[in-house]
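Trainee: File follows, data.csv with CSV, N, CA and C atoms:
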chain,number,residue,atom,x,y,z
A,25,MET,N,3.6,14.5,39.8
A,25,MET,CA,2.7,13.7,39.1
A,25,MET,C,3.5,13.0,37.9
A,26,TYR,N,4.2,13.8,37.1
A,26,TYR,CA,5.0,13.2,36.0
A,26,TYR,C,5.9,12.2,36.5
A,27,GLU,N,6.7,12.5,37.6
A,27,GLU,CA,7.7,11.5,38.1
A,27,GLU,C,7.0,10.2,38.6
A,28,GLN,N,5.8,10.3,39.2
A,28,GLN,CA,5.1,9.1,39.6
A,28,GLN,C,4.7,8.3,38.4
A,29,GLU,N,4.2,8.9,37.3
A,29,GLU,CA,3.8,8.2,36.1
A,29,GLU,C,5.0,7.6,35.5
A,30,ALA,N,6.1,8.3,35.4
A,30,ALA,CA,7.3,7.8,34.8
A,30,ALA,C,7.8,6.6,35.6
A,31,LYS,N,7.8,6.6,36.9
A,31,LYS,CA,8.3,5.5,37.7
A,31,LYS,C,7.4,4.3,37.5
A,32,LYS,N,6.1,4.5,37.5
A,32,LYS,CA,5.1,3.5,37.3
A,32,LYS,C,5.4,2.8,35.9
A,33,HIS,N,5.6,3.6,34.9
A,33,HIS,CA,5.8,3.1,33.5
A,33,HIS,C,7.1,2.2,33.5
A,34,THR,N,8.1,2.7,34.1
A,34,THR,CA,9.4,2.0,34.2
A,34,THR,C,9.3,0.7,34.9
A,35,GLU,N,8.6,0.7,36.0
A,35,GLU,CA,8.4,-0.5,36.8
A,35,GLU,C,7.6,-1.6,36.0
A,36,GLU,N,6.6,-1.1,35.2
A,36,GLU,CA,5.8,-2.0,34.4
A,36,GLU,C,6.6,-2.6,33.2
A,37,HIS,N,7.5,-1.8,32.6
A,37,HIS,CA,8.1,-2.2,31.3
A,37,HIS,C,9.6,-2.5,31.4
A,38,ALA,N,10.3,-2.1,32.5
A,38,ALA,CA,11.7,-2.4,32.6
A,38,ALA,C,11.9,-3.9,32.7
A,39,GLY,N,12.9,-4.4,32.0
A,39,GLY,CA,13.2,-5.8,32.1
A,39,GLY,C,12.5,-6.7,31.1
A,40,LYS,N,11.5,-6.1,30.4
A,40,LYS,CA,10.8,-6.9,29.4
A,40,LYS,C,11.6,-6.9,28.1
A,41,SER,N,11.7,-8.1,27.5
A,41,SER,CA,12.5,-8.2,26.3
A,41,SER,C,11.7,-7.6,25.1
A,42,LEU,N,12.4,-7.3,24.0
A,42,LEU,CA,11.8,-6.8,22.8
A,42,LEU,C,10.8,-7.8,22.3
A,43,ASP,N,11.1,-9.1,22.4
A,43,ASP,CA,10.2,-10.2,22.0
A,43,ASP,C,8.9,-10.1,22.7
A,44,ASP,N,9.0,-9.9,24.0
A,44,ASP,CA,7.7,-9.8,24.8
A,44,ASP,C,6.9,-8.6,24.4
A,45,MET,N,7.5,-7.5,24.2
A,45,MET,CA,6.8,-6.2,23.8
A,45,MET,C,6.2,-6.4,22.4
A,46,GLU,N,7.0,-7.0,21.5
A,46,GLU,CA,6.5,-7.2,20.2
A,46,GLU,C,5.3,-8.1,20.2
A,47,LYS,N,5.3,-9.2,21.0
A,47,LYS,CA,4.2,-10.1,21.0
A,47,LYS,C,2.9,-9.4,21.5
A,48,LYS,N,3.1,-8.5,22.4
A,48,LYS,CA,1.9,-7.8,22.9
A,48,LYS,C,1.4,-6.8,21.9
A,49,LEU,N,2.2,-6.2,21.1
A,49,LEU,CA,1.8,-5.3,20.0
A,49,LEU,C,1.3,-6.0,18.8
A,50,MET,N,1.8,-7.1,18.5
A,50,MET,CA,1.4,-7.8,17.2
A,50,MET,C,0.1,-8.5,17.4
A,51,ASP,N,-0.5,-8.9,16.3
A,51,ASP,CA,-1.7,-9.6,16.3
A,51,ASP,C,-1.5,-11.0,17.0
A,52,PRO,N,-2.3,-11.3,18.0
A,52,PRO,CA,-2.1,-12.6,18.7
A,52,PRO,C,-2.4,-13.8,17.8
A,53,VAL,N,-3.0,-13.7,16.7
A,53,VAL,CA,-3.3,-14.8,15.8
A,53,VAL,C,-2.0,-15.1,15.0
A,54,PRO,N,-1.5,-16.3,15.1
A,54,PRO,CA,-0.2,-16.7,14.4
A,54,PRO,C,-0.4,-16.4,12.9
A,55,GLN,N,0.6,-15.8,12.4
A,55,GLN,CA,0.6,-15.4,11.0
A,55,GLN,C,1.8,-16.1,10.2
A,56,PHE,N,1.6,-16.3,9.0
A,56,PHE,CA,2.6,-16.9,8.2
A,56,PHE,C,3.7,-15.9,8.0
A,57,VAL,N,4.9,-16.3,8.3
A,57,VAL,CA,6.1,-15.5,8.1
A,57,VAL,C,7.0,-16.2,7.0
A,58,PRO,N,7.3,-15.5,5.9
A,58,PRO,CA,8.1,-16.1,4.9
A,58,PRO,C,9.4,-16.6,5.4
A,59,GLN,N,9.8,-17.8,5.1
A,59,GLN,CA,11.0,-18.5,5.6
A,59,GLN,C,12.2,-17.6,5.4
A,60,HIS,N,12.3,-16.9,4.2
A,60,HIS,CA,13.5,-16.2,4.0
A,60,HIS,C,13.7,-15.0,4.9
A,61,LEU,N,12.7,-14.7,5.7
A,61,LEU,CA,12.8,-13.6,6.7
A,61,LEU,C,13.2,-14.1,8.1
A,62,LEU,N,13.4,-15.4,8.2
A,62,LEU,CA,13.7,-16.0,9.5
A,62,LEU,C,15.2,-16.5,9.5
A,63,CYS,N,15.8,-16.2,10.6
A,63,CYS,CA,17.2,-16.7,10.8
A,63,CYS,C,17.2,-18.2,11.0
A,64,PRO,N,18.1,-18.9,10.3
A,64,PRO,CA,18.1,-20.3,10.4
A,64,PRO,C,18.6,-20.8,11.8
A,65,LEU,N,19.2,-19.9,12.5
A,65,LEU,CA,19.7,-20.3,13.9
A,65,LEU,C,18.6,-20.0,15.0
A,66,THR,N,18.0,-18.9,14.9
A,66,THR,CA,17.1,-18.5,16.0
A,66,THR,C,15.6,-18.8,15.6
A,67,LYS,N,15.4,-19.0,14.3
A,67,LYS,CA,14.0,-19.2,13.8
A,67,LYS,C,13.1,-18.0,14.1
A,68,LYS,N,13.7,-16.9,14.2
A,68,LYS,CA,12.9,-15.6,14.4
A,68,LYS,C,13.2,-14.7,13.3
A,69,VAL,N,12.3,-13.7,13.1
A,69,VAL,CA,12.4,-12.7,12.1
A,69,VAL,C,13.7,-11.9,12.3
A,70,PHE,N,14.4,-11.6,11.3
A,70,PHE,CA,15.7,-10.9,11.4
A,70,PHE,C,15.5,-9.5,12.0
A,71,VAL,N,16.4,-9.1,12.8
A,71,VAL,CA,16.5,-7.7,13.3
A,71,VAL,C,17.7,-7.0,12.7
A,72,ASP,N,18.9,-7.7,12.8
A,72,ASP,CA,20.2,-7.2,12.3
A,72,ASP,C,20.8,-8.3,11.4
A,73,PRO,N,20.3,-8.5,10.2
A,73,PRO,CA,20.8,-9.6,9.4
A,73,PRO,C,22.2,-9.3,8.8
A,74,VAL,N,23.0,-10.4,8.8
A,74,VAL,CA,24.3,-10.3,8.1
A,74,VAL,C,24.4,-11.5,7.2
A,75,ARG,N,25.2,-11.3,6.1
A,75,ARG,CA,25.4,-12.3,5.1
A,75,ARG,C,26.8,-12.8,5.2
A,76,THR,N,27.0,-14.1,5.1
A,76,THR,CA,28.4,-14.6,5.1
A,76,THR,C,29.0,-14.7,3.7
A,77,VAL,N,30.2,-15.0,3.6
A,77,VAL,CA,30.9,-15.1,2.3
A,77,VAL,C,30.3,-16.3,1.5
A,78,TYR,N,29.6,-17.2,2.2
A,78,TYR,CA,29.0,-18.3,1.6
A,78,TYR,C,27.5,-18.0,1.1
A,79,GLY,N,27.1,-16.7,1.4
A,79,GLY,CA,25.8,-16.3,1.0
A,79,GLY,C,24.6,-16.6,1.9
A,80,THR,N,24.9,-17.2,3.1
A,80,THR,CA,23.9,-17.5,4.1
A,80,THR,C,23.6,-16.2,4.9
A,81,VAL,N,22.4,-16.0,5.3
A,81,VAL,CA,22.0,-14.8,6.1
A,81,VAL,C,21.7,-15.3,7.5
A,82,TYR,N,22.2,-14.7,8.5
A,82,TYR,CA,22.0,-15.0,9.9
A,82,TYR,C,21.7,-13.7,10.7
A,83,GLU,N,21.1,-13.9,11.8
A,83,GLU,CA,20.9,-12.8,12.8
A,83,GLU,C,22.3,-12.6,13.4
A,84,ARG,N,22.8,-11.3,13.4
A,84,ARG,CA,24.1,-11.0,13.8
A,84,ARG,C,24.5,-11.6,15.2
A,85,LYS,N,23.7,-11.4,16.2
A,85,LYS,CA,24.0,-11.9,17.5
A,85,LYS,C,24.1,-13.4,17.5
A,86,ALA,N,23.3,-14.1,16.8
A,86,ALA,CA,23.3,-15.6,16.7
A,86,ALA,C,24.5,-16.1,16.1
A,87,ILE,N,24.9,-15.5,15.0
A,87,ILE,CA,26.1,-16.0,14.3
A,87,ILE,C,27.4,-15.7,15.0
A,88,GLU,N,27.4,-14.5,15.7
A,88,GLU,CA,28.6,-14.1,16.5
A,88,GLU,C,28.7,-15.1,17.7
A,89,GLU,N,27.6,-15.5,18.3
A,89,GLU,CA,27.7,-16.5,19.4
A,89,GLU,C,28.2,-17.8,18.9
A,90,HIS,N,27.7,-18.2,17.7
A,90,HIS,CA,28.2,-19.5,17.1
A,90,HIS,C,29.7,-19.4,16.9
A,91,LEU,N,30.2,-18.3,16.3
A,91,LEU,CA,31.6,-18.1,16.0
A,91,LEU,C,32.5,-18.0,17.2
A,92,LYS,N,32.0,-17.8,18.3
A,92,LYS,CA,32.8,-17.8,19.5
A,92,LYS,C,33.3,-19.2,19.9
A,93,GLN,N,32.5,-20.2,19.5
A,93,GLN,CA,32.9,-21.6,19.8
A,93,GLN,C,33.3,-22.4,18.5
A,94,HIS,N,32.8,-22.0,17.4
A,94,HIS,CA,33.1,-22.7,16.1
A,94,HIS,C,33.6,-21.7,15.1
A,95,LYS,N,34.5,-22.1,14.3
A,95,LYS,CA,35.1,-21.2,13.3
A,95,LYS,C,34.6,-21.5,11.8
A,96,TYR,N,33.3,-22.0,11.7
A,96,TYR,CA,32.8,-22.3,10.4
A,96,TYR,C,31.3,-21.9,10.3
A,97,ASP,N,30.9,-21.8,9.1
A,97,ASP,CA,29.5,-21.4,8.8
A,97,ASP,C,28.6,-22.6,9.2
A,98,PRO,N,27.6,-22.4,10.1
A,98,PRO,CA,26.9,-23.5,10.7
A,98,PRO,C,26.0,-24.3,9.7
A,99,LEU,N,25.5,-23.6,8.6
A,99,LEU,CA,24.8,-24.3,7.6
A,99,LEU,C,25.7,-25.0,6.6
A,100,ALA,N,26.8,-24.4,6.3
A,100,ALA,CA,27.7,-24.9,5.3
A,100,ALA,C,28.5,-26.1,5.9
A,101,GLY,N,28.7,-26.0,7.2
A,101,GLY,CA,29.4,-27.0,8.0
A,101,GLY,C,30.9,-26.9,8.1
A,102,PRO,N,31.6,-27.8,8.8
A,102,PRO,CA,33.0,-27.7,9.0
A,102,PRO,C,33.7,-27.8,7.6
A,103,GLY,N,34.8,-27.1,7.5
A,103,GLY,CA,35.5,-27.0,6.2
A,103,GLY,C,35.1,-25.7,5.5
A,104,HIS,N,34.1,-25.0,6.0
A,104,HIS,CA,33.7,-23.7,5.4
A,104,HIS,C,34.0,-22.7,6.5
A,105,GLU,N,35.3,-22.4,6.6
A,105,GLU,CA,35.8,-21.5,7.6
A,105,GLU,C,35.1,-20.1,7.6
A,106,LEU,N,34.9,-19.5,8.7
A,106,LEU,CA,34.2,-18.2,8.8
A,106,LEU,C,34.7,-17.5,10.0
A,107,GLU,N,34.9,-16.2,9.8
A,107,GLU,CA,35.4,-15.3,10.9
A,107,GLU,C,34.4,-14.1,11.0
A,108,MET,N,34.5,-13.4,12.1
A,108,MET,CA,33.6,-12.3,12.3
A,108,MET,C,33.8,-11.3,11.2
A,109,SER,N,35.0,-11.1,10.7
A,109,SER,CA,35.3,-10.1,9.6
A,109,SER,C,34.6,-10.5,8.3
A,110,ASP,N,34.1,-11.8,8.2
A,110,ASP,CA,33.5,-12.2,7.0
A,110,ASP,C,32.0,-11.9,6.9
A,111,LEU,N,31.5,-11.3,8.0
A,111,LEU,CA,30.1,-11.0,8.1
A,111,LEU,C,29.8,-9.6,7.5
A,112,ILE,N,28.8,-9.5,6.7
A,112,ILE,CA,28.5,-8.2,6.0
A,112,ILE,C,27.0,-7.9,6.3
A,113,SER,N,26.7,-6.7,6.8
A,113,SER,CA,25.3,-6.3,7.0
A,113,SER,C,24.5,-6.5,5.7
A,114,ASP,N,23.4,-7.1,5.8
A,114,ASP,CA,22.6,-7.4,4.6
A,114,ASP,C,21.4,-6.4,4.6
A,115,TRP,N,21.6,-5.3,3.9
A,115,TRP,CA,20.6,-4.2,3.9
A,115,TRP,C,19.4,-4.6,3.1
A,116,ASN,N,19.6,-5.4,2.1
A,116,ASN,CA,18.4,-5.9,1.3
A,116,ASN,C,17.5,-6.7,2.1
A,117,MET,N,18.0,-7.6,3.0
A,117,MET,CA,17.2,-8.4,3.9
A,117,MET,C,16.5,-7.5,4.9
A,118,LYS,N,17.3,-6.5,5.4
A,118,LYS,CA,16.7,-5.6,6.4
A,118,LYS,C,15.5,-4.9,5.8
A,119,LYS,N,15.6,-4.4,4.5
A,119,LYS,CA,14.5,-3.7,3.9
A,119,LYS,C,13.3,-4.7,3.7
A,120,MET,N,13.6,-5.9,3.3
A,120,MET,CA,12.5,-6.9,3.2
A,120,MET,C,11.7,-7.1,4.5
A,121,VAL,N,12.5,-7.1,5.6
A,121,VAL,CA,11.9,-7.3,6.9
A,121,VAL,C,11.1,-6.1,7.3
A,122,ILE,N,11.6,-4.9,7.0
A,122,ILE,CA,10.9,-3.7,7.3
A,122,ILE,C,9.6,-3.6,6.5
A,123,ASP,N,9.7,-3.9,5.3
A,123,ASP,CA,8.5,-3.9,4.4
A,123,ASP,C,7.5,-4.9,4.9
A,124,TYR,N,7.9,-6.1,5.3
A,124,TYR,CA,7.0,-7.1,5.9
A,124,TYR,C,6.3,-6.6,7.1
A,125,ARG,N,7.1,-6.1,8.0
A,125,ARG,CA,6.5,-5.6,9.3
A,125,ARG,C,5.6,-4.4,9.1
A,126,SER,N,5.9,-3.6,8.1
A,126,SER,CA,5.0,-2.4,7.8
A,126,SER,C,3.7,-2.9,7.4
A,127,ARG,N,3.7,-4.0,6.6
A,127,ARG,CA,2.4,-4.6,6.1
A,127,ARG,C,1.6,-5.2,7.2
A,128,GLN,N,2.3,-5.7,8.3
A,128,GLN,CA,1.6,-6.3,9.4
A,128,GLN,C,0.9,-5.2,10.3
A,129,ILE,N,1.4,-4.0,10.3
A,129,ILE,CA,0.9,-2.9,11.1
A,129,ILE,C,-0.4,-2.4,10.4
A,130,GLN,N,-0.4,-2.4,9.1
A,130,GLN,CA,-1.5,-1.8,8.4
A,130,GLN,C,-2.8,-2.5,8.5
Could you render the structure from this file as structure tokens?

Mentor:
Amino acid sequence: MYEQEAKKHTEEHAGKSLDDMEKKLMDPVPQFVPQHLLCPLTKKVFVDPVRTVYGTVYERKAIEEHLKQHKYDPLAGPGHELEMSDLISDWNMKKMVIDYRSRQIQ
């Protein structure tokens, strides 16, 4: 019985993205999201925010993908060189996102 339920659950949920699952769990009514909690590249709420040496905050995966092709800060533009080692986890932004999401659940 347990194995059948586990298999059914896996078939229903395997392959779904976190975005899809979050949409299902979140209120379907669009809500205002403060701009400072959105990555300027993905336009989505941060999950793993990192700050550059120029002070810009990006979603880690998005900025890492950008840096594979370009060696500069995308908002600062060419001439503002940037390397993977210049990215620092932004724990303050992470806390702000967690606080925001906690308020959405209540």

Trainee: Rounded to one decimal, what separation in Å do you get between atom CA of A:Thr66 and atom C of A:Lys118?

Mentor: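 One can read the atom CA of A:Thr66 to atom C of A:Lys118 distance as 17.1 Å.
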
Trainee: I'd like the interatomic distance between atom C of A:His94 and atom N of A:Met117, to a tenth of an Å.

Mentor: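 One can read the atom C of A:His94 to atom N of A:Met117 distance as 24.3 Å.
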
Trainee: Just want the 12 Å neighbourhood of A:Lys67, counted on only C-alpha atoms, with same-chain residues fewer than 3 positions away dropped. Output as a list in words.

Mentor: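 Answer for this query is Val57, Pro58, Gln59, His60, Leu61, Leu62, Cys63, Pro64, Phe70, Val71, Val81, Tyr82, Glu83 and Ala86 of chain A.
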
Trainee: Give the answer as one residue: which of A:Thr76, A:Lys85, A:Asp97, A:Pro102 has the shortest atom-to-atom distance to A:Asp114, using all atoms listed in the file?

Mentor: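 Among the listed residues, the smallest separation from A:Asp114 belongs to A:Thr76.
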
Trainee: Have a look at A:Tyr78, A:Tyr96, A:Tyr124, A:Ile129 and name the one nearest to A:Phe56; count only C-alpha atoms.

Mentor: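 Closest to A:Phe56, using only C-alpha atoms: A:Tyr124.
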
Trainee: Can you patch up stretch 73-84 of chain A, filling it in to all heavy atoms, and show the result as a CSV table (one decimal), in the coordinates of the input?

Mentor:
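Written output follows (part19.csv):
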chain,number,residue,atom,x,y,z
A,73,PRO,N,20.3,-8.5,10.2
A,73,PRO,CA,20.8,-9.6,9.4
A,73,PRO,C,22.2,-9.3,8.8
A,73,PRO,O,22.5,-8.2,8.4
A,73,PRO,CB,19.7,-9.7,8.2
A,73,PRO,CG,19.1,-8.3,8.2
A,73,PRO,CD,19.2,-7.7,9.6
A,74,VAL,N,23.0,-10.4,8.8
A,74,VAL,CA,24.3,-10.3,8.1
A,74,VAL,C,24.4,-11.5,7.2
A,74,VAL,O,23.9,-12.6,7.4
A,74,VAL,CB,25.4,-10.3,9.2
A,74,VAL,CG1,25.4,-9.1,10.0
A,74,VAL,CG2,25.4,-11.6,10.1
A,75,ARG,N,25.2,-11.3,6.1
A,75,ARG,CA,25.4,-12.3,5.1
A,75,ARG,C,26.8,-12.8,5.2
A,75,ARG,O,27.8,-12.0,5.4
A,75,ARG,CB,25.1,-11.7,3.7
A,75,ARG,CG,25.2,-12.7,2.6
A,75,ARG,CD,24.8,-12.2,1.2
A,75,ARG,NE,23.4,-11.7,1.2
A,75,ARG,CZ,22.4,-12.5,1.0
A,75,ARG,NH1,22.6,-13.8,0.7
A,75,ARG,NH2,21.2,-12.1,1.0
A,76,THR,N,27.0,-14.1,5.1
A,76,THR,CA,28.4,-14.6,5.1
A,76,THR,C,29.0,-14.7,3.7
A,76,THR,O,28.3,-14.4,2.7
A,76,THR,CB,28.4,-16.1,5.7
A,76,THR,OG1,27.8,-16.9,4.7
A,76,THR,CG2,27.7,-16.2,7.0
A,77,VAL,N,30.2,-15.0,3.6
A,77,VAL,CA,30.9,-15.1,2.3
A,77,VAL,C,30.3,-16.3,1.5
A,77,VAL,O,30.5,-16.3,0.3
A,77,VAL,CB,32.4,-15.3,2.5
A,77,VAL,CG1,33.1,-14.0,3.0
A,77,VAL,CG2,32.8,-16.5,3.4
A,78,TYR,N,29.6,-17.2,2.2
A,78,TYR,CA,29.0,-18.3,1.6
A,78,TYR,C,27.5,-18.0,1.1
A,78,TYR,O,26.9,-18.8,0.5
A,78,TYR,CB,29.0,-19.5,2.5
A,78,TYR,CG,30.4,-19.9,2.9
A,78,TYR,CD1,30.9,-19.6,4.1
A,78,TYR,CD2,31.2,-20.5,2.0
A,78,TYR,CE1,32.1,-20.0,4.5
A,78,TYR,CE2,32.5,-20.8,2.3
A,78,TYR,CZ,33.0,-20.5,3.6
A,78,TYR,OH,34.3,-20.9,3.9
A,79,GLY,N,27.1,-16.7,1.4
A,79,GLY,CA,25.8,-16.3,1.0
A,79,GLY,C,24.6,-16.6,1.9
A,79,GLY,O,23.5,-16.2,1.7
A,80,THR,N,24.9,-17.2,3.1
A,80,THR,CA,23.9,-17.5,4.1
A,80,THR,C,23.6,-16.2,4.9
A,80,THR,O,24.6,-15.6,5.3
A,80,THR,CB,24.3,-18.7,5.0
A,80,THR,OG1,24.8,-19.7,4.2
A,80,THR,CG2,23.2,-19.1,5.8
A,81,VAL,N,22.4,-16.0,5.3
A,81,VAL,CA,22.0,-14.8,6.1
A,81,VAL,C,21.7,-15.3,7.5
A,81,VAL,O,20.9,-16.3,7.6
A,81,VAL,CB,20.9,-14.0,5.5
A,81,VAL,CG1,20.5,-12.8,6.3
A,81,VAL,CG2,21.2,-13.6,4.1
A,82,TYR,N,22.2,-14.7,8.5
A,82,TYR,CA,22.0,-15.0,9.9
A,82,TYR,C,21.7,-13.7,10.7
A,82,TYR,O,22.1,-12.6,10.2
A,82,TYR,CB,23.2,-15.6,10.5
A,82,TYR,CG,23.6,-16.9,9.9
A,82,TYR,CD1,24.7,-17.0,9.1
A,82,TYR,CD2,23.0,-18.1,10.2
A,82,TYR,CE1,25.2,-18.2,8.6
A,82,TYR,CE2,23.4,-19.3,9.7
A,82,TYR,CZ,24.5,-19.4,8.9
A,82,TYR,OH,24.8,-20.6,8.3
A,83,GLU,N,21.1,-13.9,11.8
A,83,GLU,CA,20.9,-12.8,12.8
A,83,GLU,C,22.3,-12.6,13.4
A,83,GLU,O,23.0,-13.5,13.7
A,83,GLU,CB,19.9,-13.1,13.9
A,83,GLU,CG,19.8,-12.1,14.9
A,83,GLU,CD,19.2,-10.8,14.3
A,83,GLU,OE1,18.4,-10.8,13.4
A,83,GLU,OE2,19.6,-9.7,14.8
A,84,ARG,N,22.8,-11.3,13.4
A,84,ARG,CA,24.1,-11.0,13.8
A,84,ARG,C,24.5,-11.6,15.2
A,84,ARG,O,25.5,-12.3,15.3
A,84,ARG,CB,24.4,-9.5,13.9
A,84,ARG,CG,25.8,-9.1,14.2
A,84,ARG,CD,26.0,-7.6,14.3
A,84,ARG,NE,25.7,-6.9,13.1
A,84,ARG,CZ,26.5,-6.7,12.1
A,84,ARG,NH1,27.7,-7.3,12.1
A,84,ARG,NH2,26.1,-6.1,11.0
